[in-house]
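Quick look at my_file-v5.pdb (PDB, C-alpha atoms):
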```
ATOM      1  CA  LEU A   9     -31.588 -12.186   1.657
ATOM      2  CA  GLU A  10     -33.853 -14.036  -0.752
ATOM      3  CA  ALA A  11     -34.463 -10.795  -2.679
ATOM      4  CA  ILE A  12     -30.722 -10.121  -2.815
ATOM      5  CA  ARG A  13     -30.088 -13.616  -4.161
ATOM      6  CA  GLY A  14     -32.684 -12.991  -6.832
ATOM      7  CA  HIS A  15     -30.988  -9.765  -7.935
ATOM      8  CA  ILE A  16     -27.611 -11.504  -8.088
ATOM      9  CA  ALA A  17     -29.092 -14.300 -10.171
ATOM     10  CA  GLU A  18     -30.358 -11.727 -12.680
ATOM     11  CA  ILE A  19     -26.836 -10.393 -13.361
ATOM     12  CA  THR A  20     -25.435 -11.520 -16.694
ATOM     13  CA  ALA A  21     -22.046 -11.086 -18.336
ATOM     14  CA  ALA A  22     -21.994  -8.957 -21.486
ATOM     15  CA  GLY A  23     -18.376  -9.548 -22.460
ATOM     16  CA  GLY A  24     -16.881  -6.234 -21.399
ATOM     17  CA  THR A  25     -15.117  -4.473 -18.527
ATOM     18  CA  ASP A  26     -16.191  -0.896 -17.822
ATOM     19  CA  MET A  27     -14.240   0.088 -14.709
ATOM     20  CA  SER A  28     -15.196   3.747 -15.005
ATOM     21  CA  ALA A  29     -18.943   2.995 -14.942
ATOM     22  CA  GLY A  30     -18.619   0.726 -11.927
ATOM     23  CA  PHE A  31     -16.527   3.204 -10.005
ATOM     24  CA  SER A  32     -18.825   6.096 -10.902
ATOM     25  CA  ALA A  33     -21.778   4.168  -9.472
ATOM     26  CA  ALA A  34     -19.850   3.483  -6.272
ATOM     27  CA  MET A  35     -18.877   7.148  -5.898
ATOM     28  CA  ASP A  36     -22.540   8.165  -6.336
ATOM     29  CA  LEU A  37     -23.545   5.799  -3.523
ATOM     30  CA  LEU A  38     -20.880   7.296  -1.248
ATOM     31  CA  LYS A  39     -21.531  10.908  -2.246
ATOM     32  CA  PRO A  40     -23.155  11.865   1.093
ATOM     33  CA  TYR A  41     -19.972  10.743   2.849
ATOM     34  CA  HIS A  42     -17.298  12.334   0.676
ATOM     35  CA  ASP A  43     -14.652  14.178   2.723
ATOM     36  CA  ALA A  44     -15.633  12.259   5.855
ATOM     37  CA  ASP A  45     -13.409  12.366   8.949
ATOM     38  CA  LEU A  46     -10.973   9.439   8.645
ATOM     39  CA  THR A  47     -10.734   9.188  12.431
ATOM     40  CA  GLU A  48     -14.453   8.341  12.526
ATOM     41  CA  VAL A  49     -15.188   6.306   9.380
ATOM     42  CA  GLU A  50     -13.482   4.536   6.500
ATOM     43  CA  ASN A  51     -15.108   5.028   3.097
ATOM     44  CA  ARG A  52     -13.845   2.252   0.858
ATOM     45  CA  VAL A  53     -14.809   0.751  -2.470
ATOM     46  CA  VAL A  54     -13.899  -2.936  -2.826
ATOM     47  CA  PHE A  55     -13.349  -3.250  -6.568
ATOM     48  CA  MET A  56     -13.408  -6.815  -7.922
ATOM     49  CA  THR A  57     -12.171  -6.891 -11.486
ATOM     50  CA  ASP A  58      -9.799  -8.390 -14.022
ATOM     51  CA  ALA A  59      -8.539  -4.789 -14.482
ATOM     52  CA  MET A  60      -8.687  -5.093 -18.271
ATOM     53  CA  PRO A  61     -11.036  -2.232 -19.247
ATOM     54  CA  ASN A  62     -12.309  -2.337 -22.822
ATOM     55  CA  LEU A  63     -15.434  -0.185 -22.412
ATOM     56  CA  GLY A  64     -15.923   3.370 -21.186
ATOM     57  CA  THR A  65     -12.680   4.979 -20.008
ATOM     58  CA  THR A  66      -9.801   2.725 -21.012
ATOM     59  CA  ASP A  67      -6.787   5.058 -20.802
ATOM     60  CA  ARG A  68      -4.560   4.038 -17.902
ATOM     61  CA  THR A  69      -3.768   7.616 -16.871
ATOM     62  CA  ASP A  70      -7.430   8.685 -16.904
ATOM     63  CA  ILE A  71      -8.430   5.662 -14.813
ATOM     64  CA  THR A  72      -5.660   6.286 -12.279
ATOM     65  CA  ASP A  73      -6.577   9.976 -12.038
ATOM     66  CA  ALA A  74     -10.206   9.104 -11.264
ATOM     67  CA  PHE A  75      -9.239   6.872  -8.346
ATOM     68  CA  ALA A  76      -6.682   9.424  -7.119
ATOM     69  CA  ASP A  77      -9.345  12.157  -7.153
ATOM     70  CA  ALA A  78     -11.573   9.899  -5.057
ATOM     71  CA  ALA A  79      -8.747   9.394  -2.553
ATOM     72  CA  ASP A  80      -8.514  13.183  -2.232
ATOM     73  CA  ARG A  81     -12.173  13.048  -1.126
ATOM     74  CA  ASN A  82     -11.272  10.404   1.480
ATOM     75  CA  VAL A  83     -12.804   7.564  -0.536
ATOM     76  CA  HIS A  84     -10.256   4.769  -0.725
ATOM     77  CA  THR A  85     -10.187   1.650  -2.857
ATOM     78  CA  THR A  86      -9.220  -1.979  -2.465
ATOM     79  CA  PHE A  87      -8.629  -3.850  -5.726
ATOM     80  CA  VAL A  88      -9.264  -7.576  -5.797
ATOM     81  CA  GLY A  89      -7.798  -9.023  -8.980
ATOM     82  CA  ILE A  90      -9.949 -11.890 -10.241
ATOM     83  CA  GLY A  91      -8.591 -14.600 -12.541
ATOM     84  CA  LEU A  92      -5.227 -15.616 -13.930
ATOM     85  CA  ASP A  93      -5.254 -12.971 -16.671
ATOM     86  CA  THR A  94      -5.591  -9.959 -14.340
ATOM     87  CA  ASN A  95      -3.869  -6.802 -15.592
ATOM     88  CA  ALA A  96      -1.228  -6.714 -12.875
ATOM     89  CA  ASP A  97       0.447  -3.554 -14.206
ATOM     90  CA  LEU A  98      -2.731  -1.471 -13.941
ATOM     91  CA  VAL A  99      -3.593  -2.835 -10.497
ATOM     92  CA  GLU A 100      -0.047  -2.149  -9.297
ATOM     93  CA  SER A 101      -0.306   1.430 -10.520
ATOM     94  CA  LEU A 102      -3.684   1.963  -8.871
ATOM     95  CA  SER A 103      -2.531   0.498  -5.560
ATOM     96  CA  LYS A 104       0.116   3.242  -5.245
ATOM     97  CA  ILE A 105      -2.666   5.774  -4.725
ATOM     98  CA  ARG A 106      -3.014   7.008  -1.150
ATOM     99  CA  GLY A 107      -5.224   4.663   0.865
ATOM    100  CA  ALA A 108      -5.378   1.984  -1.837
ATOM    101  CA  ASN A 109      -4.212  -1.626  -1.814
ATOM    102  CA  HIS A 110      -4.624  -4.712  -3.936
ATOM    103  CA  TYR A 111      -4.906  -8.494  -3.712
ATOM    104  CA  PHE A 112      -5.032 -11.266  -6.283
ATOM    105  CA  VAL A 113      -7.298 -14.273  -5.823
ATOM    106  CA  HIS A 114      -7.067 -17.397  -7.937
ATOM    107  CA  SER A 115      -9.501 -19.730  -6.188
ATOM    108  CA  THR A 116     -12.735 -19.812  -4.232
ATOM    109  CA  GLU A 117     -10.758 -20.451  -1.040
ATOM    110  CA  GLU A 118      -8.526 -17.402  -1.557
ATOM    111  CA  PHE A 119     -11.588 -15.282  -2.283
ATOM    112  CA  ARG A 120     -13.279 -16.403   0.931
ATOM    113  CA  GLN A 121     -10.112 -15.836   2.961
ATOM    114  CA  ARG A 122      -9.617 -12.276   1.688
ATOM    115  CA  LEU A 123     -13.233 -11.136   1.774
ATOM    116  CA  ALA A 124     -14.189 -12.860   5.036
ATOM    117  CA  GLU A 125     -11.385 -13.854   7.389
ATOM    118  CA  GLU A 126      -9.015 -11.006   6.476
ATOM    119  CA  PHE A 127     -11.554  -8.328   5.554
ATOM    120  CA  THR A 128     -10.733  -6.061   8.508
ATOM    121  CA  TYR A 129      -7.025  -6.052   7.639
ATOM    122  CA  MET A 130      -7.814  -5.348   4.009
ATOM    123  CA  VAL A 131      -9.879  -2.210   4.616
ATOM    124  CA  THR A 132      -8.168  -0.583   7.602
ATOM    125  CA  PRO A 133      -5.175   1.626   6.768
ATOM    126  CA  LEU A 134      -2.946   2.314   9.766
ATOM    127  CA  VAL A 135      -0.826   5.246   8.568
ATOM    128  CA  PHE A 136       0.036   7.076   5.337
ATOM    129  CA  ASP A 137       3.325   8.094   3.693
ATOM    130  CA  LEU A 138       5.553   5.928   5.856
ATOM    131  CA  SER A 139       9.233   6.481   5.107
ATOM    132  CA  LEU A 140      12.355   4.944   6.613
ATOM    133  CA  ASP A 141      15.536   6.966   6.212
ATOM    134  CA  VAL A 142      19.122   6.279   7.197
ATOM    135  CA  VAL A 143      20.877   9.318   8.651
ATOM    136  CA  SER A 144      24.606   8.704   9.013
ATOM    137  CA  ASP A 145      27.785  10.623   9.642
ATOM    138  CA  GLY A 146      30.696   8.580   8.353
ATOM    139  CA  TYR A 147      28.777   6.060   6.245
ATOM    140  CA  GLU A 148      26.739   6.085   3.049
ATOM    141  CA  ILE A 149      24.419   3.494   1.531
ATOM    142  CA  GLU A 150      26.101   1.394  -1.132
ATOM    143  CA  ALA A 151      23.185  -0.947  -1.840
ATOM    144  CA  VAL A 152      19.684  -1.769  -0.585
ATOM    145  CA  TYR A 153      18.199  -5.257  -0.854
ATOM    146  CA  GLY A 154      14.517  -6.019  -0.336
ATOM    147  CA  SER A 155      13.141  -2.523  -0.975
ATOM    148  CA  PRO A 156      12.630  -1.733  -4.679
ATOM    149  CA  ASN A 157      11.703   1.927  -4.111
ATOM    150  CA  ALA A 158      14.783   2.851  -2.053
ATOM    151  CA  ASP A 159      16.666   6.041  -2.918
ATOM    152  CA  ARG A 160      20.325   5.729  -1.994
ATOM    153  CA  ALA A 161      21.023   9.360  -2.877
ATOM    154  CA  THR A 162      18.662  10.672  -0.201
ATOM    155  CA  GLY A 163      19.101   7.857   2.294
ATOM    156  CA  GLU A 164      15.476   6.749   1.991
ATOM    157  CA  VAL A 165      15.402   3.006   2.579
ATOM    158  CA  MET A 166      11.682   2.474   2.117
ATOM    159  CA  HIS A 167       8.518   4.398   1.299
ATOM    160  CA  VAL A 168       5.011   3.002   1.745
ATOM    161  CA  THR A 169       2.114   5.159   0.551
ATOM    162  CA  THR A 170      -0.325   3.375   2.861
ATOM    163  CA  LEU A 171       0.504   0.877   5.583
ATOM    164  CA  PHE A 172      -2.063  -1.824   6.347
ATOM    165  CA  PRO A 173      -2.016  -4.358   9.202
ATOM    166  CA  SER A 174      -1.203  -7.988   8.452
ATOM    167  CA  PRO A 175      -2.935 -11.078   9.845
ATOM    168  CA  THR A 176      -1.004 -13.419  12.081
ATOM    169  CA  SER A 177      -0.657 -17.161  11.629
ATOM    170  CA  GLY A 178       0.617 -19.285  14.483
ATOM    171  CA  GLY A 179       1.564 -16.133  16.362
ATOM    172  CA  GLU A 180       3.707 -14.875  13.489
ATOM    173  CA  THR A 181       3.140 -12.135  10.897
ATOM    174  CA  ARG A 182       4.084 -12.482   7.254
ATOM    175  CA  GLY A 183       6.789 -10.010   6.300
ATOM    176  CA  GLY A 184      10.156  -9.455   4.717
ATOM    177  CA  VAL A 185      13.690  -8.326   5.467
ATOM    178  CA  THR A 186      15.464  -5.262   4.109
ATOM    179  CA  LEU A 187      19.266  -5.346   4.073
ATOM    180  CA  LEU A 188      21.592  -2.364   3.722
ATOM    181  CA  LYS A 189      25.194  -2.434   2.551
ATOM    182  CA  LEU A 190      27.080   0.578   3.892
ATOM    183  CA  ARG A 191      30.300   2.174   2.686
ATOM    184  CA  GLU A 192      32.613   3.932   5.099
ATOM    185  CA  THR A 193      33.188   7.521   3.953
ATOM    186  CA  ASP A 194      35.566   8.507   6.759
ATOM    187  CA  PRO A 195      38.261   5.883   7.489
ATOM    188  CA  ASP A 196      38.808   7.457  10.890
ATOM    189  CA  SER A 197      35.189   6.948  11.857
ATOM    190  CA  ASN A 198      33.784   3.679  13.139
ATOM    191  CA  LEU A 199      30.515   2.846  14.789
ATOM    192  CA  ASP A 200      31.941   0.113  17.019
ATOM    193  CA  SER A 201      35.352   0.829  18.509
ATOM    194  CA  ASP A 202      35.122  -2.184  20.857
ATOM    195  CA  SER A 203      35.025  -4.686  17.993
ATOM    196  CA  ASN A 204      37.564  -2.680  15.998
ATOM    197  CA  PRO A 205      40.501  -1.975  18.347
ATOM    198  CA  GLY A 206      42.294   0.117  15.722
ATOM    199  CA  SER A 207      39.463   2.641  15.409
ATOM    200  CA  ASP A 208      39.311   6.025  17.049
ATOM    201  CA  PRO A 209      37.263   5.799  20.285
ATOM    202  CA  ASP A 210      36.498   9.522  19.999
ATOM    203  CA  SER A 211      34.992   9.146  16.508
ATOM    204  CA  ASP A 212      31.794  11.047  15.788
ATOM    205  CA  ALA A 213      30.432   8.390  13.420
ATOM    206  CA  SER A 214      26.714   7.754  13.840
ATOM    207  CA  LEU A 215      23.971   5.739  12.213
ATOM    208  CA  GLU A 216      20.272   6.318  12.787
ATOM    209  CA  LEU A 217      17.116   4.890  11.264
ATOM    210  CA  VAL A 218      14.432   7.573  11.167
ATOM    211  CA  ALA A 219      10.741   6.751  10.631
ATOM    212  CA  ASN A 220       8.195   9.335   9.494
ATOM    213  CA  TRP A 221       4.490   8.857   8.838
ATOM    214  CA  VAL A 222       1.116  10.613   8.754
ATOM    215  CA  GLU A 223      -1.675   9.531  11.085
ATOM    216  CA  ARG A 224      -5.261   9.115   9.876
ATOM    217  CA  ASP A 225      -6.134  12.479  11.417
ATOM    218  CA  GLY A 226      -3.373  14.199   9.425
ATOM    219  CA  THR A 227      -0.861  14.439  12.257
ATOM    220  CA  GLN A 228       2.747  13.944  11.143
TER
END
```

Write-out of the structure in structure tokens:
Amino acid sequence: LEAIRGHIAEITAAGGTDMSAGFSAAMDLLKPYHDADLTEVENRVVFMTDAMPNLGTTDRTDITDAFADAADRNVHTTFVGIGLDTNADLVESLSKIRGANHYFVHSTEEFRQRLAEEFTYMVTPLVFDLSLDVVSDGYEIEAVYGSPNADRATGEVMHVTTLFPSPTSGGETRGGVTLLKLRETDPDSNLDSDSNPGSDPDSDASLELVANWVERDGTQ
């Protein structure tokens, strides 16, 4: 540990951010484990940066492609945005890559919480390509609230490239609510004839919420 502290103390800031060089070094370290079995191990680079590259590769598309190529080799990335001036747009784009996620830390306490107490949650993807779809006969989606990537035309309510677990606090898990506003397409159809006496009890109206996802071993 004393030797490690000495190496850390020797690091100096040179006034630049070269994300491509840092990531290339990480990929070289993990090279023996590229394409590893995700059911056995999790190869992950924890990338701490202000995400404002001004050295090396600086093009947003080229940077995103490099991380996406790594994900294809089963090397995933967690981005920890450091500082108030973090490039949120770039981090948001990178976190959409399969297996990736991101966090922002603005204090020593937040840094310790993410990298210590919640480390396991941060680096353990549960499933990939999770989608929630509404399948209905007699109703269509008029509006979706709480899910910015919903597609009303296809009935997709939500799509999550990679789903990670969330820590609990006081027995509760942080989360959100998604609300759907439905429009009746067949006036003769109703999902609840008991609460609507005028509806047809023999109606074929239906409403289902269908979940699809891919397991870590590739099983759909």

_Of the listed residues A:Asp43, A:Glu180, A:Asp225, A:Asp194, that which approaches Ala79 in chain A most closely, counting all atoms listed in the file_ =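 Under the stated criterion, the closest residue is A:Asp43.
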
*Of the listed residues A:Ala108, A:Val185, A:Leu46, A:Leu9, that which approaches Val168 in chain A most closely, counting all atoms listed in the file*: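 Among the listed residues, the smallest separation from Val168 in chain A belongs to A:Ala108.
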
*Name the residues in contact with Gly107 in chain A at a cut-off of 12 Å, using only C-alpha atoms, excluding same-chain residues fewer than 5 positions from it; report them as an MDAnalysis selection string.*
chainID A and resid 46 50:53 75:87 102 130:138 168:172 222:224

*Find, counting only C-alpha atoms, the residue in A:Asn109, A:Ser155, A:Thr162, A:Ser32 that gets nearest to Gly184 in chain A.*
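Selected residue with least distance to Gly184 in chain A: A:Ser155.
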
*Thr186 in chain A: which residues within 8 Å, counting only C-alpha atoms, same-chain residues fewer than 4 positions away excluded, as a VMD selection string?*
chain A and resid 152 to 155

*Starting from the shown file, work through the PyMOL selection byres ((chain A and resi 147) around 8) and note down what comes out as a list in words.*
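Going through the file, the PyMOL selection byres ((chain A and resi 147) around 8) ends up selecting Ser144, Asp145, Gly146, Glu148, Ile149, Leu190, Arg191, Glu192, Thr193, Asp194, Ala213 and Leu215 of chain A.
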
*What separation in Å, quoted to one decimal, exists between CA of Asn95 in chain A and CA of Asp26 in chain A?*
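Computing it gives 13.8 Å between the two atoms.
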